[in-house]
Amino acid sequence: MNCNMSTQKETDIFRDTPVRLLGYANEIGEAFRPLVKKLWVHASYGVAITYVAADTFDKSRKTYKRPFPDDIIRKSEVAKVAVDTVVWQGLASVIIPGFTINRVCAGTLYLLKKTTKWPKITRKWTATAVGIACIPLIVSPIDHGVHQLMDSSVRKWLGIPCYADHKSGQE
């Protein structure tokens, strides 16, 4: 298999529908970090990680159900899909956007502290609002960037189709 291999075209509920936004629960937690206890931020990561696990399970199960010449090949293909999914989702749903929103909110708090005389609670609510407002703006660029990164690295190493080829049905 290589990045030019054709795969089925179908809607991926975990990546191509609003369900994808569940993977961004931790960004809500990061946006509210200035206002809530760390327990709630950690809980938001629990939701995002559960989403990652559900997508990984779903894709692995679908791969397992496909016909293969033998169980060794089946297990190998399931493992490849599981690795691809958990790495992609880990980067695109948890690590990169969580870091991004964390830094946006921290930067906003810093700038507001240095440039305004607003009360601390107003600065915190403003940073939270800025963080939440940024979430819809970062989803597509991060997803696209992670696909490019995965297509040029992990997917080549695993010998599985590139996402761009999967979406377009190219041979």
# chains A, B, ... in the order shown; residues from 1 in each chain; ligands from 1
call {"tool": "closest_atom_pairs", "arguments": {"of": "stretch 53-165 of chain A", "to": "stretch 37-42 of chain A", "cutoff": "12 Å", "atoms": "only C-alpha atoms", "output": "JSON lines"}}
result
{"residue": "A:Val94", "atom": "CA", "partner": "A:His42", "partner_atom": "CA", "distance": 11.8}
{"residue": "A:Gly98", "atom": "CA", "partner": "A:Val41", "partner_atom": "CA", "distance": 10.5}
{"residue": "A:Asn102", "atom": "CA", "partner": "A:Val41", "partner_atom": "CA", "distance": 10.9}
call {"tool": "residues_around", "arguments": {"residues": "stretch 105-110 of chain A", "least_positions_apart": "5", "cutoff": "8 Å", "atoms": "only C-alpha atoms", "output": "list in words"}}
result
Glu30, Ala31, Arg123, Lys124, Thr126, Ala127, Thr128, Val130 and Gly131 of chain A
call {"tool": "write_last_selection", "arguments": {"atoms": "N, CA and C atoms", "output": "short mmCIF file (atom, residue, chain, number, x, y, z; two decimals), in the first residue's frame"}}
result
data_model
loop_
_atom_site.label_atom_id
_atom_site.label_comp_id
_atom_site.auth_asym_id
_atom_site.auth_seq_id
_atom_site.Cartn_x
_atom_site.Cartn_y
_atom_site.Cartn_z
N GLU A 30 -9.59 24.31 28.38
CA GLU A 30 -8.45 25.25 28.38
C GLU A 30 -8.92 26.70 28.38
N ALA A 31 -9.97 26.98 27.64
CA ALA A 31 -10.49 28.35 27.60
C ALA A 31 -11.01 28.78 28.97
N ARG A 123 -10.55 40.36 33.20
CA ARG A 123 -9.47 39.85 32.33
C ARG A 123 -9.64 38.35 32.10
N LYS A 124 -9.99 37.62 33.16
CA LYS A 124 -10.17 36.16 33.03
C LYS A 124 -11.33 35.84 32.10
N THR A 126 -12.54 37.73 29.77
CA THR A 126 -12.17 38.14 28.41
C THR A 126 -11.26 37.10 27.78
N ALA A 127 -10.28 36.60 28.52
CA ALA A 127 -9.38 35.56 27.99
C ALA A 127 -10.17 34.31 27.63
N THR A 128 -11.12 33.95 28.47
CA THR A 128 -11.97 32.78 28.19
C THR A 128 -12.77 33.00 26.91
N VAL A 130 -12.06 34.98 24.39
CA VAL A 130 -11.13 34.94 23.25
C VAL A 130 -10.78 33.49 22.91
N GLY A 131 -10.50 32.68 23.94
CA GLY A 131 -10.18 31.27 23.70
C GLY A 131 -11.31 30.53 23.03
#
call {"tool": "closest_residue", "arguments": {"among": "A:Pro119, A:Pro34, A:Pro97, A:Gly159", "to": "A:Ile142", "atoms": "only C-alpha atoms"}}
result
A:Pro97
call {"tool": "residues_around", "arguments": {"residues": "stretch 49-57 of chain A", "least_positions_apart": "4", "cutoff": "10 Å", "atoms": "only C-alpha atoms", "output": "PyMOL selection string"}}
result
chain A and resi 12-15+19-26+43-45+61-63+78+81-90+92-94
call {"tool": "write_last_selection", "arguments": {"atoms": "C-alpha atoms", "output": "short mmCIF file (atom, residue, chain, number, x, y, z; two decimals), in the first residue's frame"}}
result
data_model
loop_
_atom_site.label_atom_id
_atom_site.label_comp_id
_atom_site.auth_asym_id
_atom_site.auth_seq_id
_atom_site.Cartn_x
_atom_site.Cartn_y
_atom_site.Cartn_z
CA ASP A 12 -16.41 9.67 8.51
CA ILE A 13 -18.67 10.51 11.46
CA PHE A 14 -15.67 11.21 13.69
CA ARG A 15 -13.91 13.58 11.28
CA VAL A 19 -19.24 14.89 16.13
CA ARG A 20 -15.66 15.98 15.36
CA LEU A 21 -16.17 18.89 17.75
CA LEU A 22 -16.34 16.48 20.73
CA GLY A 23 -12.62 16.06 20.24
CA TYR A 24 -12.31 19.74 21.10
CA ALA A 25 -13.85 19.43 24.57
CA ASN A 26 -10.44 19.98 26.11
CA ALA A 43 -12.44 16.34 32.95
CA SER A 44 -12.61 18.11 29.59
CA TYR A 45 -9.50 16.19 28.55
CA ARG A 61 -13.63 -2.52 14.21
CA LYS A 62 -14.53 -1.56 10.64
CA THR A 63 -11.11 -2.70 9.43
CA VAL A 78 -6.12 -3.33 12.20
CA VAL A 81 -5.44 1.74 11.32
CA ALA A 82 -5.41 1.95 15.12
CA VAL A 83 -1.98 3.62 15.15
CA ASP A 84 -2.95 6.04 12.37
CA THR A 85 -6.17 6.99 14.14
CA VAL A 86 -4.79 7.41 17.65
CA VAL A 87 -1.80 9.44 16.44
CA TRP A 88 -3.94 11.63 14.16
CA GLN A 89 -6.59 12.22 16.81
CA GLY A 90 -4.02 12.70 19.56
CA ALA A 92 -5.44 17.02 15.88
CA SER A 93 -7.93 16.75 18.74
CA VAL A 94 -5.96 16.93 21.95
#
call {"tool": "select_by_dssp", "arguments": {"residues": "stretch 11-101 of chain A", "states": "helix (DSSP H, G or I)", "output": "JSON, numbers by chain"}}
result
{"A": [18, 19, 20, 21, 22, 23, 24, 25, 26, 27, 28, 29, 30, 31, 32, 38, 39, 40, 41, 42, 43, 44, 45, 46, 47, 48, 49, 50, 51, 52, 53, 54, 55, 56, 57, 58, 59, 60, 61, 62, 63, 64, 65, 71, 72, 73, 74, 75, 76, 77, 78, 79, 80, 81, 82, 83, 84, 85, 86, 87, 88, 89, 90, 91, 92, 93, 94, 95, 96, 97, 98, 99, 100, 101]}
call {"tool": "write_last_selection", "arguments": {"atoms": "C-alpha atoms", "output": "mmCIF file, in the first residue's frame"}}
result
data_model
loop_
_atom_site.group_PDB
_atom_site.id
_atom_site.type_symbol
_atom_site.label_atom_id
_atom_site.label_comp_id
_atom_site.auth_asym_id
_atom_site.auth_seq_id
_atom_site.Cartn_x
_atom_site.Cartn_y
_atom_site.Cartn_z
ATOM 1 C CA PRO A 18 -20.136 17.917 13.958
ATOM 2 C CA VAL A 19 -19.240 14.891 16.132
ATOM 3 C CA ARG A 20 -15.655 15.981 15.364
ATOM 4 C CA LEU A 21 -16.171 18.890 17.750
ATOM 5 C CA LEU A 22 -16.341 16.477 20.728
ATOM 6 C CA GLY A 23 -12.616 16.064 20.239
ATOM 7 C CA TYR A 24 -12.309 19.738 21.101
ATOM 8 C CA ALA A 25 -13.854 19.427 24.568
ATOM 9 C CA ASN A 26 -10.441 19.982 26.108
ATOM 10 C CA GLU A 27 -10.202 23.325 24.308
ATOM 11 C CA ILE A 28 -13.314 24.439 26.168
ATOM 12 C CA GLY A 29 -11.573 23.306 29.346
ATOM 13 C CA GLU A 30 -8.448 25.246 28.383
ATOM 14 C CA ALA A 31 -10.491 28.353 27.602
ATOM 15 C CA PHE A 32 -12.149 28.159 31.028
ATOM 16 C CA LYS A 38 -8.214 22.182 37.399
ATOM 17 C CA LEU A 39 -10.527 19.213 37.957
ATOM 18 C CA TRP A 40 -12.890 20.607 35.291
ATOM 19 C CA VAL A 41 -10.044 21.176 32.844
ATOM 20 C CA HIS A 42 -8.868 17.596 33.409
ATOM 21 C CA ALA A 43 -12.439 16.339 32.953
ATOM 22 C CA SER A 44 -12.609 18.111 29.594
ATOM 23 C CA TYR A 45 -9.499 16.190 28.547
ATOM 24 C CA GLY A 46 -11.305 13.018 29.624
ATOM 25 C CA VAL A 47 -14.095 13.803 27.151
ATOM 26 C CA ALA A 48 -11.608 14.477 24.341
ATOM 27 C CA ILE A 49 -9.621 11.312 25.079
ATOM 28 C CA THR A 50 -12.844 9.275 25.149
ATOM 29 C CA TYR A 51 -13.647 10.701 21.709
ATOM 30 C CA VAL A 52 -10.169 9.658 20.477
ATOM 31 C CA ALA A 53 -10.676 6.157 21.873
ATOM 32 C CA ALA A 54 -14.144 5.886 20.276
ATOM 33 C CA ASP A 55 -12.798 6.885 16.849
ATOM 34 C CA THR A 56 -9.889 4.467 17.180
ATOM 35 C CA PHE A 57 -12.239 1.644 18.197
ATOM 36 C CA ASP A 58 -14.669 2.447 15.377
ATOM 37 C CA LYS A 59 -12.009 2.463 12.666
ATOM 38 C CA SER A 60 -10.307 -0.639 14.048
ATOM 39 C CA ARG A 61 -13.631 -2.519 14.214
ATOM 40 C CA LYS A 62 -14.529 -1.564 10.644
ATOM 41 C CA THR A 63 -11.114 -2.699 9.426
ATOM 42 C CA TYR A 64 -11.381 -5.971 11.346
ATOM 43 C CA LYS A 65 -14.721 -6.733 9.637
ATOM 44 C CA ASP A 71 -5.647 -13.402 10.310
ATOM 45 C CA ILE A 72 -2.028 -12.209 10.272
ATOM 46 C CA ILE A 73 -2.808 -9.666 7.554
ATOM 47 C CA ARG A 74 -6.087 -8.722 9.296
ATOM 48 C CA LYS A 75 -4.282 -8.042 12.595
ATOM 49 C CA SER A 76 -1.562 -6.090 10.824
ATOM 50 C CA GLU A 77 -4.082 -3.885 9.022
ATOM 51 C CA VAL A 78 -6.122 -3.326 12.201
ATOM 52 C CA ALA A 79 -2.930 -2.312 14.037
ATOM 53 C CA LYS A 80 -1.999 0.135 11.248
ATOM 54 C CA VAL A 81 -5.441 1.737 11.317
ATOM 55 C CA ALA A 82 -5.407 1.950 15.122
ATOM 56 C CA VAL A 83 -1.975 3.625 15.153
ATOM 57 C CA ASP A 84 -2.953 6.044 12.372
ATOM 58 C CA THR A 85 -6.173 6.991 14.143
ATOM 59 C CA VAL A 86 -4.795 7.410 17.648
ATOM 60 C CA VAL A 87 -1.798 9.442 16.436
ATOM 61 C CA TRP A 88 -3.939 11.634 14.160
ATOM 62 C CA GLN A 89 -6.590 12.223 16.807
ATOM 63 C CA GLY A 90 -4.023 12.701 19.563
ATOM 64 C CA LEU A 91 -2.384 15.470 17.565
ATOM 65 C CA ALA A 92 -5.444 17.020 15.878
ATOM 66 C CA SER A 93 -7.925 16.745 18.738
ATOM 67 C CA VAL A 94 -5.957 16.934 21.952
ATOM 68 C CA ILE A 95 -2.324 18.042 21.801
ATOM 69 C CA ILE A 96 -2.128 20.796 19.181
ATOM 70 C CA PRO A 97 -5.472 22.501 19.803
ATOM 71 C CA GLY A 98 -5.140 22.177 23.588
ATOM 72 C CA PHE A 99 -1.729 23.811 23.472
ATOM 73 C CA THR A 100 -2.997 26.468 21.051
ATOM 74 C CA ILE A 101 -5.978 27.530 23.160
#
call {"tool": "decode", "arguments": {"residues": "stretch 75-91 of chain A", "atoms": "all heavy atoms", "output": "PDB file, in the first residue's frame"}}
result
ATOM      1  N   LYS A  75      -4.815  -8.665  11.377  1.00  0.00           N
ATOM      2  CA  LYS A  75      -4.282  -8.042  12.595  1.00  0.00           C
ATOM      3  C   LYS A  75      -3.309  -6.923  12.264  1.00  0.00           C
ATOM      4  O   LYS A  75      -3.303  -5.878  12.926  1.00  0.00           O
ATOM      5  CB  LYS A  75      -3.624  -9.098  13.480  1.00  0.00           C
ATOM      6  CG  LYS A  75      -4.625 -10.035  14.127  1.00  0.00           C
ATOM      7  CD  LYS A  75      -3.943 -11.131  14.918  1.00  0.00           C
ATOM      8  CE  LYS A  75      -4.985 -12.100  15.467  1.00  0.00           C
ATOM      9  NZ  LYS A  75      -4.356 -13.224  16.165  1.00  0.00           N
ATOM     10  N   SER A  76      -2.508  -7.124  11.243  1.00  0.00           N
ATOM     11  CA  SER A  76      -1.562  -6.090  10.824  1.00  0.00           C
ATOM     12  C   SER A  76      -2.297  -4.845  10.350  1.00  0.00           C
ATOM     13  O   SER A  76      -1.934  -3.719  10.721  1.00  0.00           O
ATOM     14  CB  SER A  76      -0.656  -6.624   9.711  1.00  0.00           C
ATOM     15  OG  SER A  76       0.152  -5.607   9.192  1.00  0.00           O
ATOM     16  N   GLU A  77      -3.319  -5.021   9.532  1.00  0.00           N
ATOM     17  CA  GLU A  77      -4.082  -3.885   9.022  1.00  0.00           C
ATOM     18  C   GLU A  77      -4.850  -3.174  10.135  1.00  0.00           C
ATOM     19  O   GLU A  77      -4.917  -1.943  10.160  1.00  0.00           O
ATOM     20  CB  GLU A  77      -5.031  -4.327   7.904  1.00  0.00           C
ATOM     21  CG  GLU A  77      -4.313  -4.773   6.640  1.00  0.00           C
ATOM     22  CD  GLU A  77      -3.400  -3.700   6.057  1.00  0.00           C
ATOM     23  OE1 GLU A  77      -3.866  -2.550   5.884  1.00  0.00           O
ATOM     24  OE2 GLU A  77      -2.230  -4.006   5.791  1.00  0.00           O
ATOM     25  N   VAL A  78      -5.418  -3.939  11.063  1.00  0.00           N
ATOM     26  CA  VAL A  78      -6.122  -3.326  12.201  1.00  0.00           C
ATOM     27  C   VAL A  78      -5.137  -2.508  13.027  1.00  0.00           C
ATOM     28  O   VAL A  78      -5.445  -1.380  13.438  1.00  0.00           O
ATOM     29  CB  VAL A  78      -6.833  -4.396  13.063  1.00  0.00           C
ATOM     30  CG1 VAL A  78      -7.332  -3.797  14.376  1.00  0.00           C
ATOM     31  CG2 VAL A  78      -7.996  -5.017  12.298  1.00  0.00           C
ATOM     32  N   ALA A  79      -3.949  -3.042  13.264  1.00  0.00           N
ATOM     33  CA  ALA A  79      -2.930  -2.312  14.037  1.00  0.00           C
ATOM     34  C   ALA A  79      -2.529  -1.019  13.329  1.00  0.00           C
ATOM     35  O   ALA A  79      -2.392   0.030  13.968  1.00  0.00           O
ATOM     36  CB  ALA A  79      -1.705  -3.199  14.268  1.00  0.00           C
ATOM     37  N   LYS A  80      -2.359  -1.070  12.004  1.00  0.00           N
ATOM     38  CA  LYS A  80      -1.999   0.135  11.248  1.00  0.00           C
ATOM     39  C   LYS A  80      -3.079   1.201  11.372  1.00  0.00           C
ATOM     40  O   LYS A  80      -2.788   2.378  11.592  1.00  0.00           O
ATOM     41  CB  LYS A  80      -1.791  -0.200   9.769  1.00  0.00           C
ATOM     42  CG  LYS A  80      -0.544  -0.988   9.476  1.00  0.00           C
ATOM     43  CD  LYS A  80      -0.488  -1.324   7.989  1.00  0.00           C
ATOM     44  CE  LYS A  80       0.688  -2.183   7.647  1.00  0.00           C
ATOM     45  NZ  LYS A  80       0.721  -2.476   6.192  1.00  0.00           N
ATOM     46  N   VAL A  81      -4.325   0.786  11.220  1.00  0.00           N
ATOM     47  CA  VAL A  81      -5.441   1.737  11.317  1.00  0.00           C
ATOM     48  C   VAL A  81      -5.525   2.317  12.726  1.00  0.00           C
ATOM     49  O   VAL A  81      -5.738   3.522  12.899  1.00  0.00           O
ATOM     50  CB  VAL A  81      -6.766   1.052  10.902  1.00  0.00           C
ATOM     51  CG1 VAL A  81      -7.975   1.886  11.324  1.00  0.00           C
ATOM     52  CG2 VAL A  81      -6.785   0.802   9.408  1.00  0.00           C
ATOM     53  N   ALA A  82      -5.345   1.473  13.742  1.00  0.00           N
ATOM     54  CA  ALA A  82      -5.407   1.950  15.122  1.00  0.00           C
ATOM     55  C   ALA A  82      -4.300   2.970  15.395  1.00  0.00           C
ATOM     56  O   ALA A  82      -4.553   4.025  15.988  1.00  0.00           O
ATOM     57  CB  ALA A  82      -5.305   0.775  16.099  1.00  0.00           C
ATOM     58  N   VAL A  83      -3.089   2.689  14.946  1.00  0.00           N
ATOM     59  CA  VAL A  83      -1.975   3.625  15.153  1.00  0.00           C
ATOM     60  C   VAL A  83      -2.242   4.932  14.417  1.00  0.00           C
ATOM     61  O   VAL A  83      -2.083   6.015  14.980  1.00  0.00           O
ATOM     62  CB  VAL A  83      -0.630   2.998  14.708  1.00  0.00           C
ATOM     63  CG1 VAL A  83       0.472   4.051  14.640  1.00  0.00           C
ATOM     64  CG2 VAL A  83      -0.241   1.867  15.643  1.00  0.00           C
ATOM     65  N   ASP A  84      -2.659   4.844  13.151  1.00  0.00           N
ATOM     66  CA  ASP A  84      -2.953   6.044  12.372  1.00  0.00           C
ATOM     67  C   ASP A  84      -4.014   6.899  13.071  1.00  0.00           C
ATOM     68  O   ASP A  84      -3.863   8.109  13.213  1.00  0.00           O
ATOM     69  CB  ASP A  84      -3.429   5.666  10.965  1.00  0.00           C
ATOM     70  CG  ASP A  84      -3.813   6.885  10.143  1.00  0.00           C
ATOM     71  OD1 ASP A  84      -2.918   7.680   9.803  1.00  0.00           O
ATOM     72  OD2 ASP A  84      -5.018   7.042   9.851  1.00  0.00           O
ATOM     73  N   THR A  85      -5.068   6.258  13.524  1.00  0.00           N
ATOM     74  CA  THR A  85      -6.173   6.991  14.143  1.00  0.00           C
ATOM     75  C   THR A  85      -5.772   7.621  15.460  1.00  0.00           C
ATOM     76  O   THR A  85      -6.033   8.813  15.693  1.00  0.00           O
ATOM     77  CB  THR A  85      -7.393   6.064  14.351  1.00  0.00           C
ATOM     78  OG1 THR A  85      -7.749   5.484  13.093  1.00  0.00           O
ATOM     79  CG2 THR A  85      -8.574   6.819  14.921  1.00  0.00           C
ATOM     80  N   VAL A  86      -5.130   6.867  16.328  1.00  0.00           N
ATOM     81  CA  VAL A  86      -4.795   7.410  17.648  1.00  0.00           C
ATOM     82  C   VAL A  86      -3.740   8.516  17.538  1.00  0.00           C
ATOM     83  O   VAL A  86      -3.824   9.522  18.254  1.00  0.00           O
ATOM     84  CB  VAL A  86      -4.386   6.294  18.641  1.00  0.00           C
ATOM     85  CG1 VAL A  86      -2.964   5.815  18.435  1.00  0.00           C
ATOM     86  CG2 VAL A  86      -4.593   6.753  20.070  1.00  0.00           C
ATOM     87  N   VAL A  87      -2.794   8.379  16.611  1.00  0.00           N
ATOM     88  CA  VAL A  87      -1.798   9.442  16.436  1.00  0.00           C
ATOM     89  C   VAL A  87      -2.460  10.682  15.841  1.00  0.00           C
ATOM     90  O   VAL A  87      -2.266  11.803  16.320  1.00  0.00           O
ATOM     91  CB  VAL A  87      -0.599   8.973  15.569  1.00  0.00           C
ATOM     92  CG1 VAL A  87       0.312  10.133  15.210  1.00  0.00           C
ATOM     93  CG2 VAL A  87       0.184   7.888  16.292  1.00  0.00           C
ATOM     94  N   TRP A  88      -3.271  10.484  14.777  1.00  0.00           N
ATOM     95  CA  TRP A  88      -3.939  11.634  14.160  1.00  0.00           C
ATOM     96  C   TRP A  88      -4.817  12.356  15.177  1.00  0.00           C
ATOM     97  O   TRP A  88      -4.731  13.573  15.341  1.00  0.00           O
ATOM     98  CB  TRP A  88      -4.780  11.202  12.952  1.00  0.00           C
ATOM     99  CG  TRP A  88      -5.272  12.377  12.176  1.00  0.00           C
ATOM    100  CD1 TRP A  88      -4.639  13.001  11.150  1.00  0.00           C
ATOM    101  CD2 TRP A  88      -6.495  13.114  12.390  1.00  0.00           C
ATOM    102  NE1 TRP A  88      -5.392  14.078  10.716  1.00  0.00           N
ATOM    103  CE2 TRP A  88      -6.530  14.164  11.452  1.00  0.00           C
ATOM    104  CE3 TRP A  88      -7.552  12.973  13.282  1.00  0.00           C
ATOM    105  CZ2 TRP A  88      -7.585  15.060  11.385  1.00  0.00           C
ATOM    106  CZ3 TRP A  88      -8.605  13.888  13.206  1.00  0.00           C
ATOM    107  CH2 TRP A  88      -8.602  14.916  12.258  1.00  0.00           C
ATOM    108  N   GLN A  89      -5.673  11.605  15.856  1.00  0.00           N
ATOM    109  CA  GLN A  89      -6.590  12.223  16.807  1.00  0.00           C
ATOM    110  C   GLN A  89      -5.838  12.830  17.995  1.00  0.00           C
ATOM    111  O   GLN A  89      -6.220  13.888  18.490  1.00  0.00           O
ATOM    112  CB  GLN A  89      -7.622  11.210  17.308  1.00  0.00           C
ATOM    113  CG  GLN A  89      -8.654  10.840  16.278  1.00  0.00           C
ATOM    114  CD  GLN A  89      -9.648  11.950  16.024  1.00  0.00           C
ATOM    115  OE1 GLN A  89      -9.489  13.086  16.431  1.00  0.00           O
ATOM    116  NE2 GLN A  89     -10.715  11.618  15.308  1.00  0.00           N
ATOM    117  N   GLY A  90      -4.803  12.157  18.459  1.00  0.00           N
ATOM    118  CA  GLY A  90      -4.023  12.701  19.563  1.00  0.00           C
ATOM    119  C   GLY A  90      -3.457  14.069  19.229  1.00  0.00           C
ATOM    120  O   GLY A  90      -3.499  15.003  20.035  1.00  0.00           O
ATOM    121  N   LEU A  91      -2.933  14.188  18.002  1.00  0.00           N
ATOM    122  CA  LEU A  91      -2.384  15.470  17.565  1.00  0.00           C
ATOM    123  C   LEU A  91      -3.472  16.485  17.236  1.00  0.00           C
ATOM    124  O   LEU A  91      -3.437  17.622  17.703  1.00  0.00           O
ATOM    125  CB  LEU A  91      -1.479  15.269  16.340  1.00  0.00           C
ATOM    126  CG  LEU A  91      -0.168  14.543  16.579  1.00  0.00           C
ATOM    127  CD1 LEU A  91       0.496  14.197  15.245  1.00  0.00           C
ATOM    128  CD2 LEU A  91       0.760  15.370  17.445  1.00  0.00           C
TER     129      LEU A  91
END
